[in-house]
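Next comes input_39.txt, a file with compact mmCIF, C-alpha atoms.
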```txt
# COMPACT_ATOMS: atom_id res chain seq x y z
CA MET A 1 8.98 -33.04 11.26
CA ASN A 2 6.80 -33.79 14.28
CA ALA A 3 8.73 -31.20 16.28
CA PHE A 4 8.20 -28.64 13.51
CA THR A 5 4.44 -29.20 13.32
CA THR A 6 4.13 -29.19 17.11
CA VAL A 7 5.89 -25.83 17.41
CA TYR A 8 4.02 -24.47 14.39
CA TRP A 9 0.52 -25.28 15.63
CA LYS A 10 1.39 -24.24 19.18
CA GLU A 11 2.41 -20.77 18.02
CA VAL A 12 -0.53 -20.42 15.63
CA ARG A 13 -3.09 -21.39 18.29
CA GLU A 14 -1.59 -19.13 20.93
CA ASN A 15 -1.50 -16.11 18.66
CA LEU A 16 -5.00 -16.70 17.37
CA ARG A 17 -6.06 -15.99 20.93
CA ASP A 18 -3.96 -12.79 21.02
CA ARG A 19 -6.25 -9.89 20.08
CA ARG A 20 -3.36 -7.52 19.35
CA THR A 21 -1.78 -9.91 16.86
CA LEU A 22 -5.09 -10.63 15.15
CA ILE A 23 -5.98 -6.94 14.81
CA ASN A 24 -2.62 -6.08 13.26
CA ALA A 25 -2.37 -9.17 11.06
CA LEU A 26 -5.96 -9.34 9.83
CA ILE A 27 -7.34 -5.78 10.09
CA THR A 28 -4.78 -2.98 10.45
CA GLY A 29 -2.27 -4.35 7.94
CA PRO A 30 -4.40 -5.79 5.13
CA LEU A 31 -7.59 -3.72 5.32
CA LEU A 32 -6.77 -0.27 6.67
CA GLY A 33 -4.43 0.54 3.76
CA PRO A 34 -6.90 -0.38 0.97
CA VAL A 35 -9.80 1.40 2.69
CA MET A 36 -7.80 4.62 3.14
CA PHE A 37 -6.42 4.34 -0.40
CA ILE A 38 -9.87 3.91 -1.97
CA MET A 39 -11.41 6.71 0.08
CA LEU A 40 -8.61 9.20 -0.62
CA MET A 41 -8.46 8.41 -4.34
CA ASN A 42 -12.23 8.64 -4.65
CA VAL A 43 -12.37 12.02 -2.93
CA MET A 44 -9.39 13.40 -4.86
CA ILE A 45 -10.64 12.22 -8.27
CA ASN A 46 -14.20 13.43 -7.74
CA GLN A 47 -12.90 16.78 -6.52
CA GLN A 48 -10.74 17.24 -9.61
CA LEU A 49 -13.51 16.09 -11.96
CA SER A 50 -15.99 18.48 -10.40
CA LYS A 51 -13.57 21.36 -10.93
CA SER A 52 -13.07 20.45 -14.58
CA ASP A 53 -16.79 20.08 -15.34
CA ARG A 54 -18.58 22.76 -13.36
CA PRO A 55 -18.77 26.44 -14.46
CA LEU A 56 -15.80 28.42 -13.22
CA SER A 57 -15.97 31.97 -11.88
CA VAL A 58 -12.72 33.89 -12.38
CA PRO A 59 -12.06 37.55 -11.49
CA VAL A 60 -11.14 39.47 -14.66
CA ILE A 61 -9.40 42.84 -14.38
CA GLY A 62 -10.09 45.02 -17.43
CA ALA A 63 -12.93 42.87 -18.78
CA ASN A 64 -14.44 45.90 -20.55
CA LEU A 65 -11.27 46.20 -22.66
CA ALA A 66 -11.66 42.77 -24.28
CA PRO A 67 -15.35 41.82 -24.62
CA ASN A 68 -14.61 39.20 -27.27
CA LEU A 69 -12.08 37.48 -25.00
CA VAL A 70 -14.56 37.53 -22.14
CA GLY A 71 -17.12 35.98 -24.49
CA ALA A 72 -14.67 33.24 -25.44
CA LEU A 73 -14.06 32.51 -21.78
CA ARG A 74 -17.81 32.34 -21.19
CA GLY A 75 -18.10 29.86 -24.06
CA ALA A 76 -15.54 27.65 -22.28
CA GLY A 77 -17.60 27.66 -19.08
CA ILE A 78 -15.61 30.44 -17.40
CA ASP A 79 -17.59 33.38 -16.11
CA ALA A 80 -15.95 36.76 -15.58
CA ALA A 81 -16.28 37.76 -11.91
CA PRO A 82 -15.85 41.37 -10.69
CA ALA A 83 -12.27 42.61 -10.58
CA LEU A 84 -10.27 42.52 -7.36
CA ALA A 85 -8.39 45.50 -5.97
CA ASP A 86 -5.26 43.48 -5.17
CA ALA A 87 -5.12 40.32 -7.28
CA GLU A 88 -1.75 39.11 -5.95
CA THR A 89 -2.87 39.30 -2.33
CA ALA A 90 -6.16 37.57 -3.15
CA VAL A 91 -4.30 34.64 -4.73
CA ARG A 92 -1.79 34.39 -1.87
CA GLU A 93 -4.62 34.41 0.68
CA GLN A 94 -6.43 31.74 -1.39
CA ARG A 95 -9.49 33.92 -1.97
CA ALA A 96 -9.08 33.23 -5.69
CA ASP A 97 -7.53 30.30 -7.57
CA VAL A 98 -6.59 32.40 -10.61
CA VAL A 99 -7.09 35.98 -11.69
CA VAL A 100 -7.03 37.26 -15.29
CA ARG A 101 -5.57 40.74 -15.82
CA ILE A 102 -5.95 42.37 -19.23
CA SER A 103 -3.41 45.06 -20.08
CA SER A 104 -4.66 48.64 -20.23
CA ALA A 105 -3.07 48.90 -23.69
CA TYR A 106 -5.04 45.89 -24.94
CA ALA A 107 -7.53 47.82 -27.12
CA LYS A 108 -4.89 49.97 -28.81
CA ALA A 109 -2.51 47.07 -29.45
CA TRP A 110 -5.39 44.95 -30.77
CA SER A 111 -6.56 47.64 -33.20
CA GLU A 112 -3.00 47.98 -34.51
CA GLY A 113 -2.70 44.24 -35.04
CA GLN A 114 0.00 43.85 -32.43
CA ALA A 115 0.42 41.18 -29.79
CA VAL A 116 -1.57 41.86 -26.64
CA GLN A 117 -0.82 40.85 -23.08
CA VAL A 118 -3.12 38.85 -20.83
CA GLU A 119 -1.76 37.97 -17.39
CA LEU A 120 -2.74 34.91 -15.39
CA ILE A 121 -2.08 35.43 -11.69
CA TYR A 122 -1.98 32.18 -9.70
CA ASP A 123 0.01 30.21 -7.13
CA SER A 124 1.69 27.13 -8.64
CA SER A 125 2.33 25.66 -5.18
CA ARG A 126 -1.41 25.12 -4.70
CA ARG A 127 -2.31 21.73 -6.14
CA ASP A 128 -6.05 22.37 -5.82
CA ALA A 129 -5.74 25.36 -8.15
CA SER A 130 -4.01 23.50 -11.00
CA THR A 131 -7.26 22.50 -12.75
CA PRO A 132 -8.83 26.01 -12.82
CA VAL A 133 -5.51 27.51 -13.99
CA ALA A 134 -5.23 24.95 -16.80
CA ARG A 135 -8.82 25.63 -17.92
CA VAL A 136 -8.26 29.40 -18.08
CA ARG A 137 -4.89 29.04 -19.81
CA ASN A 138 -6.29 26.68 -22.46
CA ALA A 139 -9.25 28.97 -23.12
CA VAL A 140 -7.04 32.06 -23.55
CA GLU A 141 -4.55 30.21 -25.77
CA ALA A 142 -7.34 28.76 -27.94
CA TYR A 143 -8.82 32.27 -28.39
CA GLY A 144 -5.38 33.65 -29.30
CA LYS A 145 -4.78 30.97 -31.94
CA ARG A 146 -8.22 31.44 -33.44
CA GLU A 147 -7.83 35.22 -33.68
CA GLY A 148 -4.31 34.84 -35.06
CA ALA A 149 -5.64 32.58 -37.82
CA MET A 150 -8.36 35.13 -38.62
CA ARG A 151 -5.74 37.89 -38.95
CA LEU A 152 -3.79 35.82 -41.47
CA ILE A 153 -6.90 35.04 -43.47
CA ALA A 154 -7.78 38.76 -43.55
CA ARG A 155 -4.36 39.41 -45.11
CA GLY A 156 -4.87 36.71 -47.71
CA MET A 157 -2.50 34.27 -46.07
CA SER A 158 -3.02 30.70 -45.00
CA PRO A 159 -3.28 30.17 -41.21
CA THR A 160 -0.66 27.44 -41.51
CA THR A 161 1.89 30.13 -42.39
CA ALA A 162 2.32 30.88 -38.69
CA TRP A 163 2.75 27.18 -37.88
CA PRO A 164 4.99 25.65 -40.53
CA VAL A 165 5.63 22.58 -38.36
CA GLN A 166 2.68 20.57 -37.11
CA VAL A 167 3.25 18.13 -34.24
CA ALA A 168 1.24 14.93 -34.54
CA GLU A 169 1.23 13.05 -31.26
CA ARG A 170 0.97 9.26 -31.24
CA ASP A 171 0.58 8.25 -27.62
CA GLN A 172 1.28 4.53 -27.28
CA ALA A 173 -0.04 4.33 -23.72
CA THR A 174 -3.07 2.13 -23.17
CA SER A 175 -5.88 2.85 -20.76
CA GLN A 176 -4.40 0.27 -18.39
CA SER A 177 -0.79 1.45 -18.64
CA ARG A 178 -1.92 4.97 -17.68
CA SER A 179 -3.36 3.59 -14.47
CA ALA A 180 0.16 2.61 -13.36
CA LEU A 181 1.04 6.31 -13.05
CA MET A 182 -1.71 6.83 -10.50
CA PHE A 183 -1.41 3.53 -8.63
CA SER A 184 2.36 3.01 -8.75
CA PHE A 185 2.57 2.95 -4.95
CA LEU A 186 0.53 -0.27 -4.64
CA PRO A 187 3.73 -2.29 -4.08
CA TYR A 188 4.34 -0.15 -0.99
CA PHE A 189 1.04 -1.30 0.50
CA PHE A 190 1.73 -4.96 -0.28
CA VAL A 191 5.19 -4.90 1.30
CA LEU A 192 3.89 -3.04 4.34
CA THR A 193 1.05 -5.55 4.68
CA VAL A 194 3.46 -8.48 4.73
CA PHE A 195 5.66 -6.70 7.26
CA LEU A 196 2.81 -5.81 9.61
CA GLY A 197 1.17 -9.19 9.16
CA GLY A 198 4.07 -11.00 10.81
CA MET A 199 5.61 -8.22 12.88
CA TYR A 200 3.82 -8.70 16.20
CA LEU A 201 3.95 -12.46 15.88
CA ALA A 202 7.73 -12.33 15.33
CA ILE A 203 8.14 -10.07 18.37
CA ASP A 204 6.02 -12.30 20.58
CA LEU A 205 7.70 -15.55 19.47
CA THR A 206 11.18 -14.24 20.17
CA ALA A 207 11.46 -11.19 22.44
CA GLY A 208 8.07 -11.86 24.05
CA GLU A 209 8.91 -15.45 25.01
CA ARG A 210 12.35 -14.33 26.11
CA GLU A 211 10.78 -11.73 28.40
CA ARG A 212 8.30 -14.31 29.75
CA GLN A 213 11.22 -16.76 30.23
CA SER A 214 9.45 -19.42 28.18
CA LEU A 215 12.24 -19.89 25.66
CA GLU A 216 14.54 -21.65 28.14
CA PRO A 217 12.19 -24.62 28.84
CA LEU A 218 11.55 -24.85 25.09
CA PHE A 219 15.27 -25.06 24.32
CA VAL A 220 15.79 -27.67 27.04
CA ASN A 221 13.70 -30.17 25.06
CA PRO A 222 15.70 -32.68 22.99
CA VAL A 223 14.74 -30.97 19.76
CA SER A 224 17.02 -29.38 17.20
CA ARG A 225 17.03 -25.61 17.39
CA TRP A 226 16.48 -25.34 13.66
CA LYS A 227 13.19 -27.25 13.97
CA ILE A 228 12.03 -24.82 16.65
CA LEU A 229 13.02 -21.90 14.45
CA ALA A 230 11.34 -23.49 11.42
CA GLY A 231 8.09 -23.87 13.34
CA LYS A 232 8.18 -20.23 14.46
CA LEU A 233 9.06 -18.96 10.98
CA GLY A 234 6.26 -21.10 9.54
CA ALA A 235 3.76 -19.48 11.90
CA ILE A 236 5.00 -15.97 11.07
CA CYS A 237 4.86 -16.68 7.33
CA SER A 238 1.33 -18.09 7.64
CA PHE A 239 0.05 -14.90 9.24
CA SER A 240 1.87 -12.81 6.62
CA VAL A 241 0.37 -14.85 3.77
CA VAL A 242 -3.16 -14.47 5.15
CA SER A 243 -2.57 -10.74 5.61
CA LEU A 244 -1.32 -10.41 2.01
CA LEU A 245 -4.27 -12.38 0.61
CA LEU A 246 -6.72 -10.16 2.47
CA SER A 247 -4.95 -7.04 1.18
CA VAL A 248 -4.96 -8.28 -2.43
CA ALA A 249 -8.66 -9.14 -2.14
CA ALA A 250 -9.43 -5.71 -0.65
CA PHE A 251 -7.59 -3.89 -3.45
CA ALA A 252 -9.45 -5.99 -6.02
CA THR A 253 -12.59 -4.06 -5.06
CA ALA A 254 -10.96 -0.68 -5.84
CA PRO A 255 -12.34 -0.45 -9.43
CA TRP A 256 -15.87 -0.71 -7.99
CA PHE A 257 -15.48 2.49 -5.99
CA ILE A 258 -13.01 4.58 -8.02
CA PRO A 259 -14.48 6.24 -11.18
CA THR A 260 -11.70 5.06 -13.48
CA ASP A 261 -13.95 5.32 -16.55
CA LYS A 262 -14.20 9.09 -16.10
CA LEU A 263 -10.40 9.28 -16.09
CA GLY A 264 -10.03 7.20 -19.23
CA ILE A 265 -8.00 4.50 -17.49
CA ALA A 266 -8.56 0.79 -16.86
CA LEU A 267 -7.64 -0.77 -13.53
CA ASP A 268 -7.41 -4.56 -13.56
CA LEU A 269 -6.78 -5.91 -10.06
CA GLY A 270 -8.59 -9.20 -10.53
CA PHE A 271 -7.67 -12.81 -9.77
CA ARG A 272 -4.81 -13.07 -12.26
CA PHE A 273 -3.20 -9.89 -10.97
CA GLY A 274 -3.59 -11.03 -7.35
CA ALA A 275 -2.16 -14.49 -8.04
CA GLN A 276 0.94 -13.05 -9.71
CA VAL A 277 1.42 -10.52 -6.88
CA VAL A 278 1.32 -13.33 -4.30
CA LEU A 279 3.82 -15.34 -6.36
CA LEU A 280 6.25 -12.41 -6.59
CA MET A 281 5.89 -11.68 -2.86
CA LEU A 282 6.59 -15.25 -1.67
CA PRO A 283 10.34 -14.77 -1.13
CA LEU A 284 9.72 -11.48 0.70
CA ILE A 285 7.37 -13.25 3.11
CA LEU A 286 10.16 -15.60 4.22
CA LEU A 287 12.83 -12.87 4.06
CA LEU A 288 10.90 -10.43 6.23
CA ALA A 289 9.90 -13.17 8.69
CA ALA A 290 13.55 -14.15 9.12
CA LEU A 291 14.72 -10.54 9.47
CA GLN A 292 12.02 -9.77 12.02
CA SER A 293 12.96 -12.85 14.05
CA LEU A 294 16.65 -12.00 13.82
CA VAL A 295 16.20 -8.39 14.94
CA SER A 296 13.78 -9.42 17.71
CA ALA A 297 16.37 -11.88 18.99
CA PHE A 298 18.65 -8.97 19.91
CA ALA A 299 15.93 -7.38 22.05
CA LYS A 300 15.49 -8.31 25.69
CA SER A 301 11.90 -7.13 25.97
CA TYR A 302 8.75 -6.81 23.86
CA ARG A 303 8.96 -3.00 23.79
CA GLU A 304 12.59 -3.01 22.78
CA ALA A 305 11.80 -5.34 19.90
CA GLN A 306 8.97 -3.04 18.82
CA THR A 307 11.43 -0.16 18.65
CA TYR A 308 13.91 -2.15 16.58
CA LEU A 309 11.31 -3.41 14.12
CA SER A 310 9.79 0.06 13.74
CA ILE A 311 13.20 1.17 12.47
CA LEU A 312 13.54 -1.95 10.31
CA MET A 313 10.17 -1.13 8.71
CA ILE A 314 11.80 1.75 6.86
CA VAL A 315 14.03 -0.61 4.84
CA PRO A 316 11.38 -2.60 2.90
CA VAL A 317 9.31 0.46 2.01
CA LEU A 318 12.25 2.48 0.64
CA PRO A 319 12.25 0.96 -2.89
CA SER A 320 8.50 1.53 -3.24
CA ALA A 321 8.76 5.10 -2.01
CA LEU A 322 11.72 5.91 -4.26
CA LEU A 323 10.28 4.28 -7.39
CA SER A 324 7.01 6.17 -6.95
CA VAL A 325 8.81 9.52 -7.24
CA ILE A 326 12.01 8.69 -9.20
CA PRO A 327 11.56 7.19 -12.68
CA VAL A 328 13.88 4.22 -13.20
CA ARG A 329 14.35 2.26 -16.41
CA ALA A 330 14.22 -1.41 -15.51
CA GLU A 331 17.38 -3.40 -16.18
CA PRO A 332 17.50 -7.23 -16.08
CA TRP A 333 19.70 -7.35 -12.97
CA MET A 334 17.21 -5.25 -10.99
CA TYR A 335 14.71 -8.12 -10.91
CA ALA A 336 17.16 -10.19 -8.87
CA VAL A 337 17.36 -7.53 -6.15
CA PRO A 338 14.89 -8.28 -3.34
CA LEU A 339 12.16 -5.64 -2.92
CA LEU A 340 13.29 -3.79 -6.06
CA GLY A 341 12.40 -6.72 -8.33
CA GLN A 342 8.99 -7.13 -6.71
CA ASN A 343 8.26 -3.42 -7.13
CA LEU A 344 9.17 -3.46 -10.81
CA GLY A 345 7.17 -6.63 -11.42
CA ILE A 346 4.00 -5.36 -9.73
CA VAL A 347 4.17 -2.05 -11.62
CA GLN A 348 4.45 -4.02 -14.88
CA LEU A 349 1.35 -5.98 -13.89
CA LEU A 350 -0.47 -2.69 -13.24
CA ARG A 351 0.52 -1.48 -16.71
CA GLY A 352 -0.89 -4.67 -18.23
CA ASP A 353 2.48 -5.61 -19.73
CA GLY A 354 2.74 -8.88 -17.81
CA VAL A 355 5.86 -10.31 -16.24
CA PRO A 356 7.83 -12.78 -18.41
CA GLY A 357 8.95 -16.05 -16.90
CA TRP A 358 12.62 -15.07 -16.73
CA GLN A 359 11.77 -11.95 -14.73
CA ILE A 360 9.66 -13.96 -12.31
CA GLY A 361 12.53 -16.45 -12.04
CA LEU A 362 15.01 -13.69 -11.21
CA CYS A 363 12.64 -12.22 -8.57
CA LEU A 364 12.18 -15.60 -6.92
CA ALA A 365 15.85 -16.59 -7.14
CA GLY A 366 17.17 -13.31 -5.75
CA GLY A 367 14.51 -13.11 -3.07
CA PHE A 368 14.88 -16.69 -1.86
CA ALA A 369 18.69 -16.40 -1.89
CA ALA A 370 18.46 -13.39 0.45
CA ALA A 371 15.82 -15.20 2.54
CA ILE A 372 18.09 -18.24 2.96
CA LEU A 373 20.90 -15.99 4.17
CA ALA A 374 18.56 -14.32 6.65
CA VAL A 375 17.27 -17.70 7.88
CA TRP A 376 20.86 -18.93 8.28
CA ALA A 377 21.77 -15.84 10.31
CA THR A 378 18.69 -16.31 12.49
CA ALA A 379 19.48 -20.00 12.98
CA TRP A 380 23.01 -19.09 14.04
CA MET A 381 21.52 -16.65 16.54
CA TYR A 382 19.24 -19.40 17.88
CA ARG A 383 22.28 -21.52 18.69
CA SER A 384 23.32 -19.04 21.37
CA GLU A 385 22.29 -19.95 24.89
CA ARG A 386 22.02 -16.26 25.75
CA LEU A 387 18.88 -16.04 23.63
CA ALA A 388 16.94 -17.88 26.34
CA ILE A 389 18.14 -15.57 29.10
CA SER A 390 15.99 -12.55 29.95
CA GLY A 391 17.62 -9.42 31.38
```
Mind turning this structure into structure tokens?
Amino acid sequence: MNAFTTVYWKEVRENLRDRRTLINALITGPLLGPVMFIMLMNVMINQQLSKSDRPLSVPVIGANLAPNLVGALRGAGIDAAPALADAETAVREQRADVVVRISSAYAKAWSEGQAVQVELIYDSSRRDASTPVARVRNAVEAYGKREGAMRLIARGMSPTTAWPVQVAERDQATSQSRSALMFSFLPYFFVLTVFLGGMYLAIDLTAGERERQSLEPLFVNPVSRWKILAGKLGAICSFSVVSLLLSVAAFATAPWFIPTDKLGIALDLGFRFGAQVVLLMLPLILLLAALQSLVSAFAKSYREAQTYLSILMIVPVLPSALLSVIPVRAEPWMYAVPLLGQNLGIVQLLRGDGVPGWQIGLCLAGGFAAAILAVWATAWMYRSERLAISG
């Protein structure tokens, strides 16, 4: 145990003096992600809210043919702008988000009680135009339903005749569960933080010392190799834990800066959420530390190890990236899969559903089982005398 603590404190003290390691472990990894996330979400949400609240000016072709429709649009906060000569080109060139074109036969068809055509010209590939398009579409559809009901009443018929089936929606989502849709990629940031928190330390303690030829005198000491490895892994895990704690604390401030109340969602990233995230991430901290040490052991120089670990970085972020775009129904066995189980568990915490004890147990069991295998493989690599040889 004395050998373990000696190696552990030696590596911690040396890397506390390394500016590069400190910047990546305590600033770049844990703080840059939350700051960028909060800033981007704040800008995006405020931009969308401003588009949904402020008066909208939309070019209307043939406005003189449908004065009542134009009035209905004005009542919905949509002003009719002068018509454009070429609406399609204007939309493609992003000079207009949406253009309304009223058919030249509108007045005749309306007087005869027939259906009339109103075209909405827009570009669905433009995400920034989705809110204006939705506002115009809703206003036109609401006007059409109201006028349709008035036609039925004029003929002595009930408006419900046209809609014999009424859909009553009962949305079971809570304000907190809706927040999981917007913040489902939080697990990606947590995994990346743990990876970056220990990455440069793992490189320096293996490939770096090998390049500096300081591993050979360390291995010459009458100390078991596993104790040396345990001390190095302990140092890497310590930096990763601190990095994760800083990241969780930084994300806890997100509700202070993001206007969640205007979106009708609740975002709870407080102490309980953070504590459960740290608990779920514990096996990944050891697993990633062991994998980083193992991969770095194959490199003969610091730069070579950086290249290898940059490629390895893709692996832990894959589940988060896939789950954020591909809906997956959680099955019990998934919680035992490292990375996948942590992603599912953190998303459940975001939804406010909580993580039952058996799911936490599966996450920890599966994660620590994989971590033990990775530590065993790294220990086997440390038995090789070639690890101490540079070049």
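Restricting the calculation to only C-alpha atoms, the smallest distance between Thr5 of chain A and any of A:Gly234, A:Ser130, A:Leu40, A:Met157 is found for A:Gly234.
Nearest to Ala139 of chain A of all the residues A:Gly264, A:Gly77, A:Gly198, A:Gly231 is A:Gly77, counting all atoms listed in the file.
Every protein or nucleic acid residue with an atom no more than 8 Å from Ala290 of chain A, counting only C-alpha atoms and leaving out same-chain residues fewer than 4 positions away, appears here: Leu233, Leu286, Leu294, Ala371, Ala374, Val375 and Thr378 of chain A.
Residue nearest Ser320 of chain A within the list A:Phe189, A:Gln292, A:Arg210, A:Tyr308: A:Phe189 [criterion: smallest interatomic distance, only C-alpha atoms].
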Enumerate, in order of chain and increasing residue number, the residues of segment 175-267 of chain A with an atom no farther than 9 Å from segment 14-30 of chain A, each with its shortest atom pair and distance in Å to one decimal, counting all atoms listed in the file, as a Markdown table.
```
| residue | atom | partner | partner_atom | distance |
| --- | --- | --- | --- | --- |
| A:Phe189 | CA | A:Pro30 | CA | 8.4 |
| A:Phe190 | CA | A:Pro30 | CA | 8.2 |
| A:Leu192 | CA | A:Gly29 | CA | 7.3 |
| A:Thr193 | CA | A:Gly29 | CA | 4.8 |
| A:Val194 | CA | A:Gly29 | CA | 7.8 |
| A:Phe195 | CA | A:Gly29 | CA | 8.3 |
| A:Leu196 | CA | A:Gly29 | CA | 5.5 |
| A:Gly197 | CA | A:Ala25 | CA | 4.0 |
| A:Gly198 | CA | A:Ala25 | CA | 6.7 |
| A:Met199 | CA | A:Ala25 | CA | 8.2 |
| A:Tyr200 | CA | A:Thr21 | CA | 5.8 |
| A:Leu201 | CA | A:Thr21 | CA | 6.3 |
| A:Asp204 | CA | A:Asn15 | CA | 8.6 |
| A:Phe239 | CA | A:Ala25 | CA | 6.5 |
| A:Ser240 | CA | A:Ala25 | CA | 7.1 |
| A:Val242 | CA | A:Leu26 | CA | 7.5 |
| A:Ser243 | CA | A:Pro30 | CA | 5.3 |
| A:Leu244 | CA | A:Pro30 | CA | 6.4 |
| A:Leu245 | CA | A:Pro30 | CA | 8.0 |
| A:Leu246 | CA | A:Pro30 | CA | 5.6 |
| A:Ser247 | CA | A:Pro30 | CA | 4.2 |
| A:Val248 | CA | A:Pro30 | CA | 8.0 |
| A:Ala250 | CA | A:Pro30 | CA | 7.7 |
```
Where does segment 115-219 of chain A meet segment 268-276 of chain A within 12 Å, residue by residue, with the nearest atom pair and distance in Å to one decimal for each, counting only C-alpha atoms, listed by chain and rising number, as CSV?
```
residue,atom,partner,partner_atom,distance
A:Ser175,CA,A:Asp268,CA,10.4
A:Gln176,CA,A:Asp268,CA,7.5
A:Ser177,CA,A:Asp268,CA,10.3
A:Arg178,CA,A:Asp268,CA,11.7
A:Ser179,CA,A:Asp268,CA,9.1
A:Ala180,CA,A:Asp268,CA,10.4
A:Phe183,CA,A:Leu269,CA,11.0
A:Leu186,CA,A:Leu269,CA,10.7
A:Pro187,CA,A:Gly274,CA,11.9
A:Phe190,CA,A:Gly274,CA,10.7
```
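Among the candidates A:Cys363, A:Val118, A:Ala66, A:Ile102, the one nearest to Leu279 of chain A when counting all atoms listed in the file is A:Cys363.
Here atom CA of Tyr335 of chain A is placed at a distance of 5.6 Å from atom CA of Leu362 of chain A.
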